[in-house]
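S.K.: Please find one structure pasted underneath; my questions will follow.
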Amino acid sequence: MKLLASFLFLALGSLQAQDPLPSWNDTAPKKTIIAFVERVTKEGSPEFVRPEERIATFDNDGTLWAEQPIYFQFAFAIDRVKALAPQHLEWKKEQPFAAVLSGDKKALVASGQKGLMQIMAVSHSGMSTEEFARIVAQWFATARHPRFNRPYTDLVYQPTLELLAYLRANGFKTFIVSGGGVEFMRPWVEKAYGIPPDQVVGSSGKLKFELRDGKPVIVKLPALDFIDDKAGKPVGIQKFIGRRPIFAFGNSDGDQQMLEWTASGAGERFMGLVHHDDAEREWAYDRKSDVGRLDKAWDEAKAKGWVVVSMKDDWATIFPLAK
């Protein structure tokens, strides 16, 4: 009897070890992902895709990590404005900076897109790209999420971490294609996701080469160069990757065109969306959210048979265990 129990225990452990997505419940999305990967990686099958064409693109905010109550990059920008305020006493009387410094959320919202761009400009420019990377790293080392009181990089999603690893183990090259700033993401994504900085496509500001104290530097300027969101995502994919993905994962209307671009290619394709429907463990939001709105893309997913992943039903775990 003991021998049989030991055998069953070892067999169960072996099966668990073989599970490439242990934080996913054994529901349709997990089965669909595994079946897709097996089809495109099986040599000799009609669906086989050469390794060099196994391109997978992932949105970042709301797909690889959380994005509520505000995008984490905007939280960084607000903290950066506060840090710079002693050098700009005039900000106490100038909007949107006065709203940031006083904590007036209503006035900050009222400043609209123009106010947002002003905040992003002053917090993301004037320094070299290397200086900015250090500033970002320092912020992540000390900043804490207001709800979970954990470092922001702790709020990556365990199921998508496993998915990235599973795809790479099967010859995929994984890219981030995000509306977030590329220089904001590059300092930390390799440690967080295993994705190197050269495989990050994001929004970018204009850059300038110059000499500072006789040393060549690349300086961040207060002007937009490229917005990698919505229709900009397939453009960014073509511009910076040069291959159409066969696997694309997002969570909002901002990802719709990336998934459409992926779906329009020949052969096997996978298009997926994360649906935030777990208010207890994370958040529940979709059609009416100001952050990560999922409305038109959700309708298209239903109409075209794209995979919609329910956080509540399909993910056994959301965040990695606290360190």
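A note on labels: chains of the structure tokens are A, B, ... as shown, every chain counts residues from 1, and ligands are counted from 1 in their shown order.
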Counting only C-alpha atoms, what is within 8 Å of region 152-157 of chain A, bar same-chain residues fewer than 6 positions away, as an NGL selection string?
M.R.: :A and (63-66 or 72 or 140 or 143-145 or 192 or 318-320 or 322)
S.K.: Quick one: pick out all helix (DSSP H, G or I) residues within region 59-265 of chain A from a backbone DSSP run and write them as a count of residues only.
M.R.: 107
S.K.: When DSSP is applied to the backbone of this structure, which of region 145-254 of chain A are assigned strand (DSSP E or B)? Write them out as a count of residues only.
M.R.: 39
S.K.: What does the structure give for the distance between CA of Asp79 (chain A) and CA of Ala99 (chain A), in Å to one decimal?
M.R.: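 Answer for the CA of Asp79 (chain A) to CA of Ala99 (chain A) separation: 12.6 Å.
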S.K.: Find the spatial neighbours of Pro146 (chain A), counting only C-alpha atoms, within a cut-off of 10 Å - ignore same-chain residues fewer than 4 positions away - and output them as number ranges by chain.
M.R.: A: 68-69, 150-152
S.K.: Restricting the calculation to only C-alpha atoms: of A:Ala137, A:Trp298, A:Glu130, A:Asp253, which residue gets closest to Lys191 (chain A)?
M.R.: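 The answer is A:Ala137, which sits nearest to Lys191 (chain A).
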S.K.: Give me, as a ChimeraX atom specification, all polymer residues having an atom no more than 12 Å from Ser123 (chain A), counting only C-alpha atoms and skipping those fewer than 5 positions away in the same chain.
M.R.: /A:73-85,97,116-118,132,135-136,184,205,220-223
S.K.: Taking only C-alpha atoms into account, which of A:Phe36, A:Tyr285, A:Phe240, A:Trp24 comes nearest Gly267 (chain A)?
M.R.: A:Phe36
S.K.: Counting only C-alpha atoms, which of A:Trp188, A:Phe172, A:Tyr166, A:Trp91 gets nearest to Trp139 (chain A)?
M.R.: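 Between A:Trp188, A:Phe172, A:Tyr166, A:Trp91, the residue approaching Trp139 (chain A) most closely is A:Trp188.
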S.K.: Quote the spacing between CA of Tyr71 (chain A) and CA of Leu167 (chain A) in Å to one decimal place.
M.R.: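 Pair CA of Tyr71 (chain A) / CA of Leu167 (chain A) returns 26.6 Å.
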S.K.: Which of these, A:Gln113, A:Ser252, A:Asn149, A:Ser45, has the shortest distance to Arg287 (chain A) once you count only C-alpha atoms?
M.R.: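 Of the candidates, the smallest distance to Arg287 (chain A) is held by A:Ser252.
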S.K.: Rounded to one decimal place, report the CA of Gln256 (chain A)-CA of Lys230 (chain A) distance in Å.
M.R.: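 CA of Lys230 (chain A) lies at a distance of 6.6 Å from CA of Gln256 (chain A).
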S.K.: Do you know which residues are at most 12 Å from region 39-41 of chain A counting only C-alpha atoms, after dropping those on the same chain fewer than 4 positions away, and could you put them as a ChimeraX atom specification?
M.R.: /A:32-35,45-55,167-172,246-247,267-270
S.K.: Considering only C-alpha atoms, state which residue in the set A:Lys93, A:His124, A:His276, A:Arg244 is at the smallest distance from Lys206 (chain A).
M.R.: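 Closest to Lys206 (chain A), using only C-alpha atoms: A:His124.
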S.K.: Leaving out Ala248 (chain A) and any residue of its chain fewer than 6 positions from it, which residues lie within 10 Å of it when counting only C-alpha atoms, given as a PDB file with C-alpha atoms, in the first residue's frame?
M.R.:
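Now in selection_32.pdb:
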ATOM      1  CA  ILE A  55       7.037  36.021 -33.126  1.00  0.00           C
ATOM      2  CA  ALA A  56       4.882  36.691 -30.051  1.00  0.00           C
ATOM      3  CA  THR A  57       3.890  40.231 -29.059  1.00  0.00           C
ATOM      4  CA  PHE A  58       2.502  41.267 -25.683  1.00  0.00           C
ATOM      5  CA  ASP A  59       1.022  44.504 -24.506  1.00  0.00           C
ATOM      6  CA  THR A 174       8.811  37.385 -27.239  1.00  0.00           C
ATOM      7  CA  PHE A 175       8.353  41.133 -27.650  1.00  0.00           C
ATOM      8  CA  ILE A 176       6.651  43.842 -25.639  1.00  0.00           C
ATOM      9  CA  VAL A 177       4.545  46.143 -27.829  1.00  0.00           C
ATOM     10  CA  ASP A 255      -4.462  46.394 -28.580  1.00  0.00           C
ATOM     11  CA  MET A 258      -2.246  44.624 -33.067  1.00  0.00           C
ATOM     12  CA  LEU A 259      -4.520  41.595 -32.833  1.00  0.00           C
ATOM     13  CA  GLU A 260      -6.152  42.405 -36.166  1.00  0.00           C
ATOM     14  CA  TRP A 261      -2.723  42.639 -37.790  1.00  0.00           C
ATOM     15  CA  THR A 262      -1.743  39.309 -36.309  1.00  0.00           C
ATOM     16  CA  ALA A 263      -5.003  37.644 -37.377  1.00  0.00           C
ATOM     17  CA  ARG A 269      -2.595  32.504 -35.516  1.00  0.00           C
ATOM     18  CA  PHE A 270      -3.374  33.123 -31.860  1.00  0.00           C
ATOM     19  CA  MET A 271      -5.075  36.293 -30.618  1.00  0.00           C
ATOM     20  CA  GLY A 272      -5.823  36.730 -26.920  1.00  0.00           C
ATOM     21  CA  LEU A 273      -7.225  39.307 -24.514  1.00  0.00           C
TER      22      LEU A 273
END
S.K.: Tell me which of A:Gly44, A:Pro29, A:Gly194, A:Gly254 sits closest to Met311 (chain A), counting only C-alpha atoms.
M.R.: A:Pro29
S.K.: If we count only C-alpha atoms and set the cut-off at 10 Å, which residues sit around Val219 (chain A), ignoring sequence neighbours fewer than 2 positions away in its own chain? Please answer as a list in words.
M.R.: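 Residues meeting the cut-off are Ser125, Gly126, Met127, Ser128, Thr129, Glu130, Glu131, Phe132, Lys206, Leu207, Lys208, Phe209, Glu210, Leu211, Arg212, Pro216, Val217, Leu221 and Pro222 of chain A.
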S.K.: Just to be explicit: take each residue in the selection above, keep N, CA, C and O atoms, and write the result as a compact mmCIF listing (two decimals), in the first residue's frame.
M.R.:
# COMPACT_ATOMS: atom_id res chain seq x y z
N SER A 125 12.26 64.31 -19.75
CA SER A 125 13.18 64.93 -20.70
C SER A 125 14.22 65.78 -19.99
O SER A 125 14.12 66.05 -18.79
N GLY A 126 15.23 66.17 -20.77
CA GLY A 126 16.29 67.02 -20.25
C GLY A 126 17.52 66.27 -19.79
O GLY A 126 18.59 66.86 -19.63
N MET A 127 17.38 64.98 -19.59
CA MET A 127 18.50 64.16 -19.12
C MET A 127 18.92 63.18 -20.22
O MET A 127 18.21 62.99 -21.20
N SER A 128 20.08 62.59 -20.04
CA SER A 128 20.50 61.57 -20.99
C SER A 128 19.68 60.30 -20.77
O SER A 128 19.07 60.12 -19.72
N THR A 129 19.69 59.42 -21.76
CA THR A 129 18.96 58.16 -21.63
C THR A 129 19.53 57.32 -20.48
O THR A 129 18.79 56.62 -19.79
N GLU A 130 20.84 57.41 -20.25
CA GLU A 130 21.45 56.66 -19.15
C GLU A 130 21.02 57.24 -17.80
O GLU A 130 20.74 56.49 -16.86
N GLU A 131 20.96 58.57 -17.70
CA GLU A 131 20.48 59.20 -16.47
C GLU A 131 19.03 58.84 -16.20
O GLU A 131 18.65 58.55 -15.06
N PHE A 132 18.23 58.84 -17.26
CA PHE A 132 16.82 58.50 -17.10
C PHE A 132 16.65 57.06 -16.62
O PHE A 132 15.82 56.77 -15.75
N LYS A 206 11.48 62.31 -28.81
CA LYS A 206 12.61 62.63 -29.68
C LYS A 206 13.90 62.60 -28.87
O LYS A 206 13.92 62.91 -27.68
N LEU A 207 14.97 62.20 -29.53
CA LEU A 207 16.28 62.09 -28.91
C LEU A 207 17.28 62.94 -29.68
O LEU A 207 17.11 63.21 -30.87
N LYS A 208 18.34 63.32 -28.98
CA LYS A 208 19.38 64.14 -29.60
C LYS A 208 20.74 63.70 -29.12
O LYS A 208 20.96 63.49 -27.93
N PHE A 209 21.67 63.55 -30.06
CA PHE A 209 23.05 63.25 -29.72
C PHE A 209 23.79 64.55 -29.44
O PHE A 209 23.69 65.52 -30.20
N GLU A 210 24.53 64.59 -28.33
CA GLU A 210 25.33 65.78 -28.04
C GLU A 210 26.49 65.40 -27.12
O GLU A 210 26.53 64.29 -26.58
N LEU A 211 27.41 66.33 -26.95
CA LEU A 211 28.53 66.15 -26.05
C LEU A 211 28.26 66.91 -24.76
O LEU A 211 27.92 68.09 -24.79
N ARG A 212 28.41 66.23 -23.63
CA ARG A 212 28.29 66.86 -22.33
C ARG A 212 29.58 66.58 -21.56
O ARG A 212 29.90 65.42 -21.30
N PRO A 216 30.03 61.80 -25.24
CA PRO A 216 28.83 61.64 -26.08
C PRO A 216 27.66 61.07 -25.27
O PRO A 216 27.83 60.10 -24.53
N VAL A 217 26.51 61.70 -25.39
CA VAL A 217 25.30 61.21 -24.72
C VAL A 217 24.11 61.33 -25.67
O VAL A 217 24.13 62.12 -26.63
N LEU A 221 14.42 64.62 -25.34
CA LEU A 221 13.83 65.93 -25.62
C LEU A 221 12.34 65.93 -25.26
O LEU A 221 11.68 64.88 -25.29
N PRO A 222 11.76 67.09 -24.96
CA PRO A 222 10.34 67.18 -24.56
C PRO A 222 9.39 67.22 -25.75
O PRO A 222 8.56 68.10 -25.88
